[in-house]
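Pasting start.pdb here (PDB, C-alpha atoms):
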```
ATOM      1  CA  MET A   1       0.000   0.000   0.000
ATOM      2  CA  SER A   2       1.353   3.409  -0.945
ATOM      3  CA  GLU A   3       1.574   6.151   1.658
ATOM      4  CA  THR A   4      -0.948   8.206  -0.326
ATOM      5  CA  TRP A   5      -3.526   5.439  -0.108
ATOM      6  CA  LEU A   6      -2.918   5.089   3.616
ATOM      7  CA  PHE A   7      -3.606   8.809   4.064
ATOM      8  CA  ILE A   8      -6.841   8.462   2.078
ATOM      9  CA  ILE A   9      -8.033   5.378   3.950
ATOM     10  CA  ALA A  10      -7.194   6.938   7.328
ATOM     11  CA  ALA A  11      -9.029  10.175   6.473
ATOM     12  CA  VAL A  12     -12.168   8.503   5.110
ATOM     13  CA  THR A  13     -12.391   5.860   7.853
ATOM     14  CA  ALA A  14     -11.873   8.335  10.694
ATOM     15  CA  PHE A  15     -14.258  10.901   9.205
ATOM     16  CA  VAL A  16     -17.102   8.481   8.490
ATOM     17  CA  PHE A  17     -17.045   6.338  11.613
ATOM     18  CA  SER A  18     -16.218   9.108  14.098
ATOM     19  CA  GLY A  19     -19.480  10.689  13.026
ATOM     20  CA  VAL A  20     -21.365   7.993  14.925
ATOM     21  CA  ASN A  21     -22.447   9.913  18.033
ATOM     22  CA  PRO A  22     -22.994   8.025  21.336
ATOM     23  CA  ALA A  23     -24.946  10.925  22.899
ATOM     24  CA  ILE A  24     -27.514  10.928  20.088
ATOM     25  CA  ILE A  25     -27.798   7.133  20.019
ATOM     26  CA  LEU A  26     -28.139   6.695  23.794
ATOM     27  CA  SER A  27     -30.581   9.591  24.220
ATOM     28  CA  LYS A  28     -32.883   7.994  21.661
ATOM     29  CA  LEU A  29     -32.449   4.368  22.779
ATOM     30  CA  ILE A  30     -32.731   4.957  26.527
ATOM     31  CA  TYR A  31     -34.835   8.097  26.934
ATOM     32  CA  HIS A  32     -36.652   8.175  23.576
ATOM     33  CA  ARG A  33     -35.597  11.789  23.189
ATOM     34  CA  ASP A  34     -33.071  13.543  20.983
ATOM     35  CA  ILE A  35     -30.245  15.237  22.866
ATOM     36  CA  ARG A  36     -30.044  17.728  19.972
ATOM     37  CA  GLU A  37     -33.406  19.080  21.099
ATOM     38  CA  GLU A  38     -32.549  19.263  24.811
ATOM     39  CA  GLY A  39     -30.577  21.698  26.960
ATOM     40  CA  SER A  40     -27.912  23.469  24.900
ATOM     41  CA  LYS A  41     -28.779  21.119  22.010
ATOM     42  CA  ASN A  42     -25.153  20.010  21.723
ATOM     43  CA  PRO A  43     -24.830  16.226  21.239
ATOM     44  CA  GLY A  44     -21.962  15.761  23.664
ATOM     45  CA  PHE A  45     -21.056  14.529  27.133
ATOM     46  CA  THR A  46     -21.628  17.788  29.030
ATOM     47  CA  ASN A  47     -25.103  18.454  27.661
ATOM     48  CA  PHE A  48     -26.092  14.784  27.945
ATOM     49  CA  ARG A  49     -25.005  14.771  31.587
ATOM     50  CA  ARG A  50     -26.750  18.064  32.312
ATOM     51  CA  VAL A  51     -30.039  16.823  30.822
ATOM     52  CA  PHE A  52     -30.081  13.141  31.758
ATOM     53  CA  GLY A  53     -27.715  12.906  34.724
ATOM     54  CA  ASN A  54     -24.671  10.757  35.430
ATOM     55  CA  ARG A  55     -26.073   7.281  34.921
ATOM     56  CA  TYR A  56     -25.291   6.909  31.217
ATOM     57  CA  ALA A  57     -23.326  10.104  30.618
ATOM     58  CA  TRP A  58     -20.034   8.398  31.386
ATOM     59  CA  PHE A  59     -20.737   5.891  28.621
ATOM     60  CA  VAL A  60     -20.901   8.855  26.246
ATOM     61  CA  PHE A  61     -17.625  10.125  27.718
ATOM     62  CA  ALA A  62     -15.860   6.779  27.322
ATOM     63  CA  LEU A  63     -17.184   6.015  23.839
ATOM     64  CA  ASP A  64     -16.243   9.425  22.425
ATOM     65  CA  ILE A  65     -12.673   9.058  23.685
ATOM     66  CA  LEU A  66     -12.510   5.410  22.669
ATOM     67  CA  LYS A  67     -13.455   5.993  19.039
ATOM     68  CA  SER A  68     -10.659   8.546  18.765
ATOM     69  CA  VAL A  69      -8.106   6.319  20.495
ATOM     70  CA  ILE A  70      -8.942   3.284  18.354
ATOM     71  CA  PHE A  71      -8.596   5.056  14.997
ATOM     72  CA  CYS A  72      -5.482   6.955  16.087
ATOM     73  CA  ALA A  73      -3.879   3.781  17.460
ATOM     74  CA  VAL A  74      -4.597   1.697  14.367
ATOM     75  CA  PHE A  75      -3.476   4.214  11.774
ATOM     76  CA  GLY A  76      -0.647   5.541  13.925
ATOM     77  CA  ALA A  77       0.695   1.983  14.128
ATOM     78  CA  LEU A  78       0.350   1.517  10.355
ATOM     79  CA  PHE A  79       2.079   4.810   9.563
ATOM     80  CA  GLY A  80       4.782   3.964  12.080
ATOM     81  CA  LYS A  81       5.388   0.402  10.861
ATOM     82  CA  TYR A  82       5.488   1.074   7.129
ATOM     83  CA  TYR A  83       6.699   4.657   6.880
ATOM     84  CA  GLY A  84       8.198   5.566  10.269
ATOM     85  CA  HIS A  85       5.679   8.364  10.930
ATOM     86  CA  TYR A  86       3.678   7.267  13.978
ATOM     87  CA  GLN A  87       2.903  10.751  15.322
ATOM     88  CA  LEU A  88       1.954  12.036  11.887
ATOM     89  CA  GLY A  89      -0.419   9.110  11.433
ATOM     90  CA  VAL A  90      -2.060   9.823  14.784
ATOM     91  CA  ALA A  91      -2.349  13.591  14.275
ATOM     92  CA  PHE A  92      -3.684  13.209  10.736
ATOM     93  CA  THR A  93      -6.210  10.551  11.707
ATOM     94  CA  GLY A  94      -7.231  12.491  14.810
ATOM     95  CA  PHE A  95      -7.907  15.635  12.792
ATOM     96  CA  PHE A  96     -10.255  13.773  10.459
ATOM     97  CA  ALA A  97     -11.879  12.024  13.416
ATOM     98  CA  MET A  98     -12.636  15.478  14.822
ATOM     99  CA  LEU A  99     -14.038  16.636  11.488
ATOM    100  CA  GLY A 100     -16.249  13.547  11.389
ATOM    101  CA  HIS A 101     -17.457  14.116  14.936
ATOM    102  CA  CYS A 102     -18.159  17.824  14.375
ATOM    103  CA  PHE A 103     -19.662  17.438  10.900
ATOM    104  CA  PRO A 104     -21.093  13.892  10.772
ATOM    105  CA  VAL A 105     -22.462  12.541   7.518
ATOM    106  CA  TRP A 106     -24.997  10.572   9.581
ATOM    107  CA  TYR A 107     -26.624  13.668  11.120
ATOM    108  CA  HIS A 108     -26.694  16.262   8.320
ATOM    109  CA  LEU A 109     -23.216  17.563   9.280
ATOM    110  CA  LYS A 110     -24.477  18.717  12.692
ATOM    111  CA  GLY A 111     -22.382  17.139  15.430
ATOM    112  CA  GLY A 112     -20.561  17.809  18.669
ATOM    113  CA  LYS A 113     -17.646  20.019  19.614
ATOM    114  CA  GLY A 114     -14.916  17.405  19.443
ATOM    115  CA  PHE A 115     -13.360  17.876  22.877
ATOM    116  CA  LEU A 116     -13.182  14.217  23.886
ATOM    117  CA  VAL A 117     -12.054  13.187  20.403
ATOM    118  CA  TYR A 118      -9.280  15.781  20.723
ATOM    119  CA  VAL A 119      -8.267  14.482  24.136
ATOM    120  CA  GLY A 120      -7.989  10.948  22.768
ATOM    121  CA  MET A 121      -5.858  12.176  19.882
ATOM    122  CA  ILE A 122      -3.449  14.274  21.960
ATOM    123  CA  TRP A 123      -2.849  11.397  24.397
ATOM    124  CA  MET A 124      -2.039   9.125  21.459
ATOM    125  CA  VAL A 125       0.303  11.658  19.844
ATOM    126  CA  ASP A 126       2.386  11.966  23.029
ATOM    127  CA  TRP A 127       1.192  10.688  26.411
ATOM    128  CA  ARG A 128       3.368  13.248  28.198
ATOM    129  CA  VAL A 129       1.567  16.091  26.421
ATOM    130  CA  GLY A 130      -1.776  14.420  27.113
ATOM    131  CA  LEU A 131      -0.929  14.103  30.804
ATOM    132  CA  ALA A 132       0.267  17.694  31.166
ATOM    133  CA  ALA A 133      -2.691  19.143  29.246
ATOM    134  CA  THR A 134      -5.182  17.027  31.193
ATOM    135  CA  ALA A 135      -3.649  18.169  34.479
ATOM    136  CA  VAL A 136      -4.122  21.821  33.472
ATOM    137  CA  PHE A 137      -7.655  21.038  32.299
ATOM    138  CA  LEU A 138      -8.598  19.472  35.650
ATOM    139  CA  LEU A 139      -7.019  22.336  37.584
ATOM    140  CA  VAL A 140      -9.047  24.903  35.633
ATOM    141  CA  LEU A 141     -12.218  22.806  35.739
ATOM    142  CA  PHE A 142     -12.227  22.314  39.502
ATOM    143  CA  THR A 143     -11.233  25.882  40.338
ATOM    144  CA  ILE A 144     -13.206  27.959  37.815
ATOM    145  CA  LYS A 145     -15.806  25.203  37.184
ATOM    146  CA  TYR A 146     -16.493  25.987  33.539
ATOM    147  CA  MET A 147     -16.166  22.860  31.400
ATOM    148  CA  SER A 148     -16.118  24.869  28.168
ATOM    149  CA  LEU A 149     -13.347  27.206  29.332
ATOM    150  CA  ALA A 150     -11.258  24.320  30.658
ATOM    151  CA  SER A 151     -11.728  22.490  27.338
ATOM    152  CA  MET A 152     -10.603  25.481  25.287
ATOM    153  CA  ILE A 153      -7.579  26.040  27.503
ATOM    154  CA  LEU A 154      -6.578  22.387  27.022
ATOM    155  CA  ALA A 155      -6.879  22.850  23.260
ATOM    156  CA  ALA A 156      -4.826  26.050  23.328
ATOM    157  CA  ILE A 157      -1.948  24.718  25.417
ATOM    158  CA  SER A 158      -1.612  21.243  23.898
ATOM    159  CA  PRO A 159       0.293  22.360  20.764
ATOM    160  CA  VAL A 160       2.578  24.451  22.987
ATOM    161  CA  PHE A 161       3.313  21.442  25.189
ATOM    162  CA  LEU A 162       3.907  19.387  22.040
ATOM    163  CA  ILE A 163       6.510  21.884  20.846
ATOM    164  CA  ILE A 164       8.227  21.718  24.251
ATOM    165  CA  ALA A 165       8.123  17.903  24.316
ATOM    166  CA  GLY A 166       9.429  17.702  20.764
ATOM    167  CA  ALA A 167       7.205  16.484  17.954
ATOM    168  CA  ASP A 168       8.444  14.267  15.124
ATOM    169  CA  SER A 169       7.746  17.006  12.569
ATOM    170  CA  ASN A 170       6.257  20.455  12.128
ATOM    171  CA  MET A 171       3.317  18.841  10.327
ATOM    172  CA  VAL A 172       2.364  17.026  13.543
ATOM    173  CA  ILE A 173       2.318  20.341  15.413
ATOM    174  CA  PHE A 174       0.344  21.971  12.587
ATOM    175  CA  LEU A 175      -2.319  19.229  12.561
ATOM    176  CA  CYS A 176      -2.697  19.348  16.346
ATOM    177  CA  ALA A 177      -2.930  23.156  16.247
ATOM    178  CA  LEU A 178      -5.509  22.942  13.455
ATOM    179  CA  SER A 179      -7.533  20.502  15.548
ATOM    180  CA  SER A 180      -7.286  22.934  18.471
ATOM    181  CA  VAL A 181      -8.610  25.797  16.358
ATOM    182  CA  LEU A 182     -11.498  23.634  15.159
ATOM    183  CA  MET A 183     -12.421  22.647  18.692
ATOM    184  CA  ILE A 184     -12.270  26.219  20.007
ATOM    185  CA  PHE A 185     -14.334  27.412  17.032
ATOM    186  CA  ARG A 186     -16.979  24.825  17.872
ATOM    187  CA  HIS A 187     -17.241  26.444  21.322
ATOM    188  CA  LYS A 188     -18.251  29.831  19.917
ATOM    189  CA  ALA A 189     -21.694  29.682  21.573
ATOM    190  CA  ASN A 190     -20.022  28.895  24.915
ATOM    191  CA  ILE A 191     -17.680  31.838  24.462
ATOM    192  CA  MET A 192     -20.655  34.160  24.055
ATOM    193  CA  ARG A 193     -22.337  32.714  27.161
ATOM    194  CA  LEU A 194     -19.107  33.116  29.135
ATOM    195  CA  LEU A 195     -18.893  36.759  28.095
ATOM    196  CA  ARG A 196     -22.502  37.270  29.193
ATOM    197  CA  HIS A 197     -21.884  35.359  32.455
ATOM    198  CA  GLU A 198     -24.591  32.872  31.454
ATOM    199  CA  GLU A 199     -22.500  29.697  31.122
ATOM    200  CA  SER A 200     -23.482  26.786  33.385
ATOM    201  CA  ARG A 201     -20.927  25.647  35.939
ATOM    202  CA  PHE A 202     -19.682  22.081  36.194
ATOM    203  CA  THR A 203     -20.499  19.983  39.278
ATOM    204  CA  VAL A 204     -19.208  16.509  40.129
ATOM    205  CA  ARG A 205     -22.489  15.202  41.474
ATOM    206  CA  LYS A 206     -25.299  15.638  39.008
ATOM    207  CA  LYS A 207     -28.827  14.364  39.351
ATOM    208  CA  ARG A 208     -31.025  13.928  36.327
ATOM    209  CA  THR A 209     -33.241  16.959  36.051
ATOM    210  CA  GLU A 210     -35.358  15.943  33.083
ATOM    211  CA  GLY A 211     -36.869  12.779  31.736
TER     212      GLY A 211
END
```
Now, as a test, write the supplied structure out as structure tokens.
Amino acid sequence: MSETWLFIIAAVTAFVFSGVNPAIILSKLIYHRDIREEGSKNPGFTNFRRVFGNRYAWFVFALDILKSVIFCAVFGALFGKYYGHYQLGVAFTGFFAMLGHCFPVWYHLKGGKGFLVYVGMIWMVDWRVGLAATAVFLLVLFTIKYMSLASMILAAISPVFLIIAGADSNMVIFLCALSSVLMIFRHKANIMRLLRHEESRFTVRKKRTEG
């Protein structure tokens, strides 16, 4: 298989299958409601948890990260084995996984914000960067208590940490930075609510308030 074909297969596979959204599927299967019509209408972990509570929200959390990790691991290993570009394979695949999650072909290109997919990707690119960025994320989350702000800060600092840790190539840094920009852009509604002091705060213990 040529390297060009591997790029194509990685992009198409990650884009198509990362569009499968656990929050939408579980909200319909379990609660017979569409998470896209509830709360903030975002089909992601935070909104699912806010609307339906903790019971199944952590399945959404795990599945969103897992789909990113699986695709990044598989194609990162293939790029690494045949062409010696593990990090590039992960970053490239992760970027298209984020595109698929944010603009899913299954749901008329209306998807989530890509935070958990991004987290899975950055851990697979370099676990040290993933660990450092996650530590900052948790610090911000449990002090300021805004999930959206903590998520955007993680996205902003991850490429910086990757530069410090030493990436295999500038293209790896570029793809991770591009993924960061995409994820922050998807939080534009949260940014407006933060500026208006209307953003909901994160709490560890969350009871289901609806349904």
- Item | Counting all atoms listed in the file, the residue of A:Ile70, A:Cys102, A:Leu26, A:Leu139 that sits nearest Asn42 (chain A) | A:Cys102
- Distance CA of Ile144 (chain A)-CA of Leu194 (chain A), one decimal place? 11.7 Å
- Message: Can you tell me which residues surround Ala10 (chain A) at a distance of at most 12 Å, considering all atoms listed in the file, apart from same-chain residues fewer than 5 positions away, and format the answer as an MDAnalysis selection string?
- Response: chainID A and resid 3:5 15:18 70:79 88:97 100
- Message: I'd like to know which of A:Gly130, A:Pro104, A:Pro43, A:Gly112 is closest to Arg186 (chain A), using all atoms listed in the file.
- Response: A:Gly112
- Message: If I take CA of Phe142 (chain A) and CA of His101 (chain A), how far is one from the other in Å, to one decimal?
- Response: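 That distance, rounded to one decimal, is 26.4 Å.
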- Minimum-distance residue to Lys81 (chain A), chosen among A:Phe61, A:Leu6, A:Gly111, A:Val181 (using only C-alpha atoms):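 Residue with the minimum atom-to-atom distance to Lys81 (chain A): A:Leu6.
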Can you rebuild region 72-108 of chain A with N, CA and C atoms and give it as an mmCIF file, in the frame of the given file?
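Okay, this is what ended up in part.cif:
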```cif
data_model
loop_
_atom_site.group_PDB
_atom_site.id
_atom_site.type_symbol
_atom_site.label_atom_id
_atom_site.label_comp_id
_atom_site.auth_asym_id
_atom_site.auth_seq_id
_atom_site.Cartn_x
_atom_site.Cartn_y
_atom_site.Cartn_z
ATOM 1 N N CYS A 72 -6.841 6.411 16.003
ATOM 2 C CA CYS A 72 -5.482 6.955 16.087
ATOM 3 C C CYS A 72 -4.454 5.848 16.329
ATOM 4 N N ALA A 73 -4.800 4.880 17.164
ATOM 5 C CA ALA A 73 -3.879 3.781 17.460
ATOM 6 C C ALA A 73 -3.635 2.911 16.232
ATOM 7 N N VAL A 74 -4.714 2.574 15.537
ATOM 8 C CA VAL A 74 -4.597 1.697 14.367
ATOM 9 C C VAL A 74 -3.779 2.357 13.262
ATOM 10 N N PHE A 75 -4.166 3.570 12.891
ATOM 11 C CA PHE A 75 -3.476 4.214 11.774
ATOM 12 C C PHE A 75 -2.115 4.776 12.187
ATOM 13 N N GLY A 76 -1.966 5.146 13.441
ATOM 14 C CA GLY A 76 -0.647 5.541 13.925
ATOM 15 C C GLY A 76 0.324 4.378 13.831
ATOM 16 N N ALA A 77 -0.148 3.184 14.207
ATOM 17 C CA ALA A 77 0.695 1.983 14.128
ATOM 18 C C ALA A 77 1.053 1.660 12.681
ATOM 19 N N LEU A 78 0.088 1.803 11.773
ATOM 20 C CA LEU A 78 0.350 1.517 10.355
ATOM 21 C C LEU A 78 1.338 2.518 9.758
ATOM 22 N N PHE A 79 1.141 3.790 10.048
ATOM 23 C CA PHE A 79 2.079 4.810 9.563
ATOM 24 C C PHE A 79 3.470 4.577 10.158
ATOM 25 N N GLY A 80 3.501 4.188 11.431
ATOM 26 C CA GLY A 80 4.782 3.964 12.080
ATOM 27 C C GLY A 80 5.505 2.744 11.533
ATOM 28 N N LYS A 81 4.779 1.655 11.322
ATOM 29 C CA LYS A 81 5.388 0.402 10.861
ATOM 30 C C LYS A 81 5.911 0.505 9.445
ATOM 31 N N TYR A 82 5.119 1.090 8.546
ATOM 32 C CA TYR A 82 5.488 1.074 7.129
ATOM 33 C C TYR A 82 6.253 2.308 6.665
ATOM 34 N N TYR A 83 6.069 3.426 7.363
ATOM 35 C CA TYR A 83 6.699 4.657 6.880
ATOM 36 C C TYR A 83 7.464 5.422 7.962
ATOM 37 N N GLY A 84 7.446 4.923 9.191
ATOM 38 C CA GLY A 84 8.198 5.566 10.269
ATOM 39 C C GLY A 84 7.634 6.888 10.727
ATOM 40 N N HIS A 85 6.306 7.090 10.565
ATOM 41 C CA HIS A 85 5.679 8.364 10.930
ATOM 42 C C HIS A 85 4.498 8.132 11.867
ATOM 43 N N TYR A 86 4.757 7.573 13.031
ATOM 44 C CA TYR A 86 3.678 7.267 13.978
ATOM 45 C C TYR A 86 2.894 8.519 14.376
ATOM 46 N N GLN A 87 3.588 9.540 14.854
ATOM 47 C CA GLN A 87 2.903 10.751 15.322
ATOM 48 C C GLN A 87 2.112 11.427 14.213
ATOM 49 N N LEU A 88 2.664 11.436 13.013
ATOM 50 C CA LEU A 88 1.954 12.036 11.887
ATOM 51 C C LEU A 88 0.673 11.260 11.595
ATOM 52 N N GLY A 89 0.766 9.938 11.653
ATOM 53 C CA GLY A 89 -0.419 9.110 11.433
ATOM 54 C C GLY A 89 -1.495 9.388 12.460
ATOM 55 N N VAL A 90 -1.102 9.546 13.712
ATOM 56 C CA VAL A 90 -2.060 9.823 14.784
ATOM 57 C C VAL A 90 -2.684 11.209 14.611
ATOM 58 N N ALA A 91 -1.852 12.215 14.388
ATOM 59 C CA ALA A 91 -2.349 13.591 14.275
ATOM 60 C C ALA A 91 -3.259 13.748 13.057
ATOM 61 N N PHE A 92 -2.878 13.132 11.953
ATOM 62 C CA PHE A 92 -3.684 13.209 10.736
ATOM 63 C C PHE A 92 -5.023 12.515 10.930
ATOM 64 N N THR A 93 -4.978 11.310 11.464
ATOM 65 C CA THR A 93 -6.210 10.551 11.707
ATOM 66 C C THR A 93 -7.087 11.266 12.723
ATOM 67 N N GLY A 94 -6.476 11.788 13.778
ATOM 68 C CA GLY A 94 -7.231 12.491 14.810
ATOM 69 C C GLY A 94 -7.937 13.721 14.281
ATOM 70 N N PHE A 95 -7.284 14.445 13.375
ATOM 71 C CA PHE A 95 -7.907 15.635 12.792
ATOM 72 C C PHE A 95 -9.162 15.253 12.015
ATOM 73 N N PHE A 96 -9.085 14.189 11.230
ATOM 74 C CA PHE A 96 -10.255 13.773 10.459
ATOM 75 C C PHE A 96 -11.319 13.134 11.346
ATOM 76 N N ALA A 97 -10.898 12.531 12.447
ATOM 77 C CA ALA A 97 -11.879 12.024 13.416
ATOM 78 C C ALA A 97 -12.656 13.185 14.025
ATOM 79 N N MET A 98 -11.959 14.294 14.299
ATOM 80 C CA MET A 98 -12.636 15.478 14.822
ATOM 81 C C MET A 98 -13.597 16.071 13.798
ATOM 82 N N LEU A 99 -13.152 16.133 12.540
ATOM 83 C CA LEU A 99 -14.038 16.636 11.488
ATOM 84 C C LEU A 99 -15.298 15.778 11.388
ATOM 85 N N GLY A 100 -15.106 14.453 11.466
ATOM 86 C CA GLY A 100 -16.249 13.547 11.389
ATOM 87 C C GLY A 100 -17.190 13.697 12.564
ATOM 88 N N HIS A 101 -16.633 13.927 13.748
ATOM 89 C CA HIS A 101 -17.457 14.116 14.936
ATOM 90 C C HIS A 101 -18.213 15.445 14.883
ATOM 91 N N CYS A 102 -17.545 16.493 14.423
ATOM 92 C CA CYS A 102 -18.159 17.824 14.375
ATOM 93 C C CYS A 102 -19.142 17.978 13.215
ATOM 94 N N PHE A 103 -18.830 17.308 12.099
ATOM 95 C CA PHE A 103 -19.662 17.438 10.900
ATOM 96 C C PHE A 103 -20.017 16.044 10.367
ATOM 97 N N PRO A 104 -20.821 15.298 11.118
ATOM 98 C CA PRO A 104 -21.093 13.892 10.772
ATOM 99 C C PRO A 104 -22.004 13.732 9.561
ATOM 100 N N VAL A 105 -21.624 12.816 8.692
ATOM 101 C CA VAL A 105 -22.462 12.541 7.518
ATOM 102 C C VAL A 105 -23.779 11.893 7.931
ATOM 103 N N TRP A 106 -23.800 11.274 9.111
ATOM 104 C CA TRP A 106 -24.997 10.572 9.581
ATOM 105 C C TRP A 106 -26.073 11.530 10.086
ATOM 106 N N TYR A 107 -25.685 12.748 10.471
ATOM 107 C CA TYR A 107 -26.624 13.668 11.120
ATOM 108 C C TYR A 107 -26.641 15.031 10.423
ATOM 109 N N HIS A 108 -26.602 15.030 9.109
ATOM 110 C CA HIS A 108 -26.694 16.262 8.320
ATOM 111 C C HIS A 108 -25.596 17.267 8.682
#
```
